[in-house]
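Report on the structure given below.
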Amino acid sequence: MRVLGLETTCDETAAAVVSLSDDGRGHIRSDEILSQIAEHAAYGGVVPEIAARAHVEVIDRLVERAMDNAGLALSELDGIAAAAGPGLIGGVIVGLTTAKALALVTGKPLIAVNHLEAHALTARLTDGIAFPYLLLLASGGHTQLVAVRGVGDYVRLGATIDDAIGEAFDKVAKLLGLPYPGGPEVEREALKGDPERFALPRPLLGRPAPDFSLSGLKTALRIEAERIAPLSERDVSDLCAGFQAAVVDTVVDRTRVALRAFRETAGHPTALVAAGGVAANQTLRRALERLARESGLRLVAPPLRLCGDNGAMIAWAGIERLRLGLVDDLSAPARARWPL
Ligand code: KG4
Ligand code: ZN
């Protein structure tokens with residue numbers, strides 16, 4: 001089974017081919033990605049109209065490259081998958097419409113994939129883990145803890161009540177004059193800084209429901225930054241280190257609570273899985289590794305290239321759905337909002 005996957009929900013245009021071998025494991029045959037970061041950087045964030053136009057400009061070429069690098073003709077595919085949401089609607093329409101056109105001309109089934117589901121299932125592509133597992137999904141648009149019990153069977157245990165974690169990283173970066181996207185920049189600065197110089201809050205620590213709140217932390221950081229302005233390089237590094245440490249403590253505490261809730265509702269998880277762009281953060285990974293170990297679990301975090309948005313995760317989610325007969329017809333809608 002071979003599926004082409006298209007991803008256009010935010011600021012990456014991506015196309016990839018993934019195949020399924022007889023032992024049930026996925027193999028990435030090609031994985032093409034073009035980031036629009038340079039086009040959005042001047043605005044300090046993603047501009048939806050610019051994103052949609054940029055997807056249109058490159059998607060054909062990217063599909064061609066994904067097929068060439070996989071050494072396959074379109075007729076050799078078993079399905080065409082695209083992220084049908086949630087995301088910036090202009091971009092989603094570009095990817096989904098392209099997939100519909102390809103499905104129509106090749107006569108292959110269309111699989112309209114939920115972008116969050118694709119992040120959630122990536123660990124099965126990279127590590128072949130079995131259901132059920134606890135997923136921490138942390139990206140620029142989403143932060144949630146989910147019991148993944150099967151394809152299409154997700155129980156949300158907790159979520160952010162305000163900003164997503166990636167969004168908070170991006171806003172803090174902007175506040176401190178660091179470029180977009182902020183996550184990697186804040187992480188780099190934090191490496192040089194003293195995480196204990198500023199006493200920043202750990203929102204919702206110890207609360208019984210595994211939810212997140214980032215806006216109070218962000219405000220506390222802004223107040224500190226304004227108090228000591230103008231900021232030296234050292235100040236920026238220390239603020240980044242303090243912020244990252246507060247986020248990591250919060251995530252570990254919230255995930256620990258979610259593990260407890262998981263065991264009460266879904267049994268024993270096979271693994272703790274970290275997904276989404278924020279899972280690229282090395283300090284967070286190490287902290288989650290410790291938590292997993294003390295809970296008798298394995299931490300599964302996709303390689304950095306597969307943490308952020310990519311085509312392989314869409315193709316893989318397409319395979320997971322296709323092999324269960326979960327296909328869509330050409331009326332599948334593009335959705336700006338689509339909860340897991
Ligand atoms: O999953 P993703 O590529 O796109 C969305 O669906 O949002 O996640 C992007 C987000 C951005 O907010 C980015 O700042 C954050 O993930 N991010 C990080 C790191 N790398 C990316 N946050 C913290 N540390 C990082 N190393
Ligand atoms: Zn994403």
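Labels used: A, B, ... for chains in the order of the structure tokens, numbers from 1 for residues in each chain, and numbers from 1 for ligands as shown.
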
Distance table requested - chain A against ligand 1, cut-off 7 Å, only C-alpha atoms and all ligand atoms: one row per qualifying residue with the closest atom pair and its distance in Å to one decimal, ordered by chain and rising residue number, as CSV.
residue,atom,partner,partner_atom_place_in_ligand_line,distance
A:Cys10,CA,ligand 1,6 (O),6.7
A:Ser139,CA,ligand 1,8 (O),3.9
A:Gly140,CA,ligand 1,7 (O),3.2
A:Gly141,CA,ligand 1,7 (O),4.6
A:His142,CA,ligand 1,7 (O),6.7
A:Gly166,CA,ligand 1,12 (O),3.3
A:Glu167,CA,ligand 1,12 (O),4.7
A:Phe169,CA,ligand 1,14 (O),5.6
A:Asp170,CA,ligand 1,14 (O),5.1
A:Pro181,CA,ligand 1,14 (O),4.7
A:Gly182,CA,ligand 1,14 (O),4.5
A:Gly183,CA,ligand 1,22 (N),3.4
A:Pro184,CA,ligand 1,26 (N),4.0
A:Val186,CA,ligand 1,24 (N),6.9
A:Glu187,CA,ligand 1,24 (N),5.5
A:Gly276,CA,ligand 1,1 (O),3.9
A:Gly277,CA,ligand 1,8 (O),3.3
A:Val278,CA,ligand 1,22 (N),3.8
A:Ala279,CA,ligand 1,19 (C),6.8
A:Ala280,CA,ligand 1,26 (N),4.6
A:Asn281,CA,ligand 1,26 (N),3.7
A:Gln282,CA,ligand 1,26 (N),6.7
A:Cys307,CA,ligand 1,1 (O),6.4
A:Gly308,CA,ligand 1,3 (O),3.3
A:Asp309,CA,ligand 1,3 (O),4.3

Same residues, N, CA and C atoms, output as a PDB file, in the first residue's frame:
ATOM      1  N   CYS A  10      -0.636  25.281   7.305  1.00  0.00           N
ATOM      2  CA  CYS A  10      -0.035  26.465   7.930  1.00  0.00           C
ATOM      3  C   CYS A  10       1.017  27.068   7.006  1.00  0.00           C
ATOM      4  N   SER A 139       1.818  22.185  19.643  1.00  0.00           N
ATOM      5  CA  SER A 139       2.289  22.863  18.435  1.00  0.00           C
ATOM      6  C   SER A 139       1.987  24.342  18.542  1.00  0.00           C
ATOM      7  N   GLY A 140       2.030  25.038  17.407  1.00  0.00           N
ATOM      8  CA  GLY A 140       1.764  26.471  17.423  1.00  0.00           C
ATOM      9  C   GLY A 140       0.284  26.779  17.614  1.00  0.00           C
ATOM     10  N   GLY A 141      -0.562  25.838  17.212  1.00  0.00           N
ATOM     11  CA  GLY A 141      -1.999  26.086  17.285  1.00  0.00           C
ATOM     12  C   GLY A 141      -2.724  25.224  18.313  1.00  0.00           C
ATOM     13  N   HIS A 142      -2.049  24.191  18.829  1.00  0.00           N
ATOM     14  CA  HIS A 142      -2.746  23.230  19.694  1.00  0.00           C
ATOM     15  C   HIS A 142      -1.885  22.760  20.849  1.00  0.00           C
ATOM     16  N   GLY A 166       3.366  26.385  21.688  1.00  0.00           N
ATOM     17  CA  GLY A 166       4.190  26.952  20.606  1.00  0.00           C
ATOM     18  C   GLY A 166       3.894  28.431  20.406  1.00  0.00           C
ATOM     19  N   GLU A 167       2.610  28.765  20.502  1.00  0.00           N
ATOM     20  CA  GLU A 167       2.175  30.154  20.361  1.00  0.00           C
ATOM     21  C   GLU A 167       2.812  31.005  21.468  1.00  0.00           C
ATOM     22  N   PHE A 169       5.642  30.363  23.038  1.00  0.00           N
ATOM     23  CA  PHE A 169       7.061  30.504  22.665  1.00  0.00           C
ATOM     24  C   PHE A 169       7.206  31.613  21.618  1.00  0.00           C
ATOM     25  N   ASP A 170       6.316  31.601  20.618  1.00  0.00           N
ATOM     26  CA  ASP A 170       6.413  32.589  19.537  1.00  0.00           C
ATOM     27  C   ASP A 170       6.174  34.005  20.056  1.00  0.00           C
ATOM     28  N   PRO A 181      10.053  31.661  13.471  1.00  0.00           N
ATOM     29  CA  PRO A 181       9.266  31.183  14.605  1.00  0.00           C
ATOM     30  C   PRO A 181      10.103  31.128  15.885  1.00  0.00           C
ATOM     31  N   GLY A 182       9.460  31.460  16.981  1.00  0.00           N
ATOM     32  CA  GLY A 182      10.191  31.734  18.210  1.00  0.00           C
ATOM     33  C   GLY A 182      10.706  30.526  18.967  1.00  0.00           C
ATOM     34  N   GLY A 183      10.044  29.370  18.816  1.00  0.00           N
ATOM     35  CA  GLY A 183      10.414  28.201  19.612  1.00  0.00           C
ATOM     36  C   GLY A 183      11.905  27.885  19.584  1.00  0.00           C
ATOM     37  N   PRO A 184      12.446  27.656  18.387  1.00  0.00           N
ATOM     38  CA  PRO A 184      13.869  27.311  18.301  1.00  0.00           C
ATOM     39  C   PRO A 184      14.773  28.440  18.808  1.00  0.00           C
ATOM     40  N   VAL A 186      14.034  30.748  21.183  1.00  0.00           N
ATOM     41  CA  VAL A 186      13.967  30.793  22.644  1.00  0.00           C
ATOM     42  C   VAL A 186      14.799  29.641  23.218  1.00  0.00           C
ATOM     43  N   GLU A 187      14.699  28.480  22.588  1.00  0.00           N
ATOM     44  CA  GLU A 187      15.475  27.333  23.066  1.00  0.00           C
ATOM     45  C   GLU A 187      16.976  27.628  22.990  1.00  0.00           C
ATOM     46  N   GLY A 276       4.087  17.247  17.621  1.00  0.00           N
ATOM     47  CA  GLY A 276       3.902  18.673  17.342  1.00  0.00           C
ATOM     48  C   GLY A 276       5.241  19.389  17.411  1.00  0.00           C
ATOM     49  N   GLY A 277       5.296  20.573  16.855  1.00  0.00           N
ATOM     50  CA  GLY A 277       6.551  21.309  16.738  1.00  0.00           C
ATOM     51  C   GLY A 277       7.286  21.508  18.052  1.00  0.00           C
ATOM     52  N   VAL A 278       6.559  21.705  19.145  1.00  0.00           N
ATOM     53  CA  VAL A 278       7.202  21.963  20.435  1.00  0.00           C
ATOM     54  C   VAL A 278       7.982  20.735  20.926  1.00  0.00           C
ATOM     55  N   ALA A 279       7.587  19.553  20.455  1.00  0.00           N
ATOM     56  CA  ALA A 279       8.283  18.322  20.850  1.00  0.00           C
ATOM     57  C   ALA A 279       9.728  18.312  20.340  1.00  0.00           C
ATOM     58  N   ALA A 280      10.073  19.293  19.510  1.00  0.00           N
ATOM     59  CA  ALA A 280      11.467  19.407  19.059  1.00  0.00           C
ATOM     60  C   ALA A 280      12.351  19.957  20.177  1.00  0.00           C
ATOM     61  N   ASN A 281      11.752  20.517  21.198  1.00  0.00           N
ATOM     62  CA  ASN A 281      12.527  21.150  22.281  1.00  0.00           C
ATOM     63  C   ASN A 281      13.264  20.095  23.122  1.00  0.00           C
ATOM     64  N   GLN A 282      14.583  20.210  23.135  1.00  0.00           N
ATOM     65  CA  GLN A 282      15.417  19.162  23.754  1.00  0.00           C
ATOM     66  C   GLN A 282      15.278  19.117  25.277  1.00  0.00           C
ATOM     67  N   CYS A 307       8.635  16.152  13.734  1.00  0.00           N
ATOM     68  CA  CYS A 307       7.891  16.811  14.831  1.00  0.00           C
ATOM     69  C   CYS A 307       7.026  17.927  14.291  1.00  0.00           C
ATOM     70  N   GLY A 308       7.621  18.767  13.467  1.00  0.00           N
ATOM     71  CA  GLY A 308       6.868  19.872  12.873  1.00  0.00           C
ATOM     72  C   GLY A 308       5.985  19.345  11.759  1.00  0.00           C
ATOM     73  N   ASP A 309       5.319  20.254  11.065  1.00  0.00           N
ATOM     74  CA  ASP A 309       4.402  19.825  10.012  1.00  0.00           C
ATOM     75  C   ASP A 309       5.171  19.226   8.842  1.00  0.00           C
TER      76      ASP A 309
END

So that I can see what lies close to Met313 (chain A), please list as an mmCIF file with C-alpha atoms, in the first residue's frame the residues with an atom at most 6 Å from it, counting only C-alpha atoms and leaving out residues fewer than 2 positions away in the same chain.
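Ended up saving to around-v3.cif:
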data_model
loop_
_atom_site.group_PDB
_atom_site.id
_atom_site.type_symbol
_atom_site.label_atom_id
_atom_site.label_comp_id
_atom_site.auth_asym_id
_atom_site.auth_seq_id
_atom_site.Cartn_x
_atom_site.Cartn_y
_atom_site.Cartn_z
ATOM 1 C CA ALA A 118 -1.687 12.903 11.672
ATOM 2 C CA THR A 122 3.235 9.737 13.634
ATOM 3 C CA GLY A 311 3.814 15.395 4.400
ATOM 4 C CA ALA A 315 0.495 10.076 4.097
ATOM 5 C CA TRP A 316 0.837 7.754 7.103
#

### Message
Can you tell me which residues surround Phe131 (chain A) at a distance of at most 8 Å, considering only C-alpha atoms, apart from same-chain residues fewer than 2 positions away, and format the answer as an MDAnalysis selection string?
### Response
chainID A and resid 129 133 148:150 269:270

Same residues, C-alpha atoms, saved as a PDB file, in the first residue's frame:
ATOM      1  CA  ILE A 129       3.930   1.387  18.716  1.00  0.00           C
ATOM      2  CA  TYR A 133      -0.863   5.510  24.293  1.00  0.00           C
ATOM      3  CA  VAL A 148      -5.089   7.555  21.706  1.00  0.00           C
ATOM      4  CA  ARG A 149      -7.038   4.282  21.816  1.00  0.00           C
ATOM      5  CA  GLY A 150      -7.243   3.535  18.101  1.00  0.00           C
ATOM      6  CA  PRO A 269      -0.520   3.018  28.001  1.00  0.00           C
ATOM      7  CA  THR A 270       2.108   1.399  25.757  1.00  0.00           C
TER       8      THR A 270
END

### Neighbour list for Gln36 (chain A) as number ranges by chain, cut-off 7 Å, only C-alpha atoms, skip fewer than 4 positions in-chain
A: 11-12, 40

#### Entry: Residues flagged helix (DSSP H, G or I) by DSSP in region 36-234 of chain A, as a VMD selection string
chain A and resid 37 to 41 48 to 70 74 to 76 89 to 106 115 to 126 165 to 175 182 to 192 215 to 228 233 to 234

### Task
Show which residues sit within 6 Å of region 243-253 of chain A, as a count of residues only. Count only C-alpha atoms, and ignore same-chain residues fewer than 3 positions away.
4

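Counting only C-alpha atoms, the residue from A:Lys171, A:Arg25, A:Lys100, A:Arg234 that sits nearest to Leu214 (chain A) is A:Lys171.
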
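Among the candidates A:Ala73, A:Leu110, A:Ile28, A:Ala261, the residue lying nearest to Pro210 (chain A) is A:Ala261 (atoms considered: only C-alpha atoms).
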
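The residues of region 153-301 of chain A that DSSP assigns to strand (DSSP E) on this backbone come out as Asp153, Tyr154, Val155, Arg156, Leu157, Gly158, Ala159, Leu272, Val273, Ala274, Ala275, Leu299 and Val300 of chain A.
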
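Distances to ligand 2 were evaluated for A:Ala271, A:Ala199, A:Val47, A:Leu306 using only C-alpha atoms and all ligand atoms, and the minimum falls at A:Leu306.
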
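If you look at CA of Pro201 (chain A) and CA of Ser215 (chain A), they are 10.6 Å away from each other.
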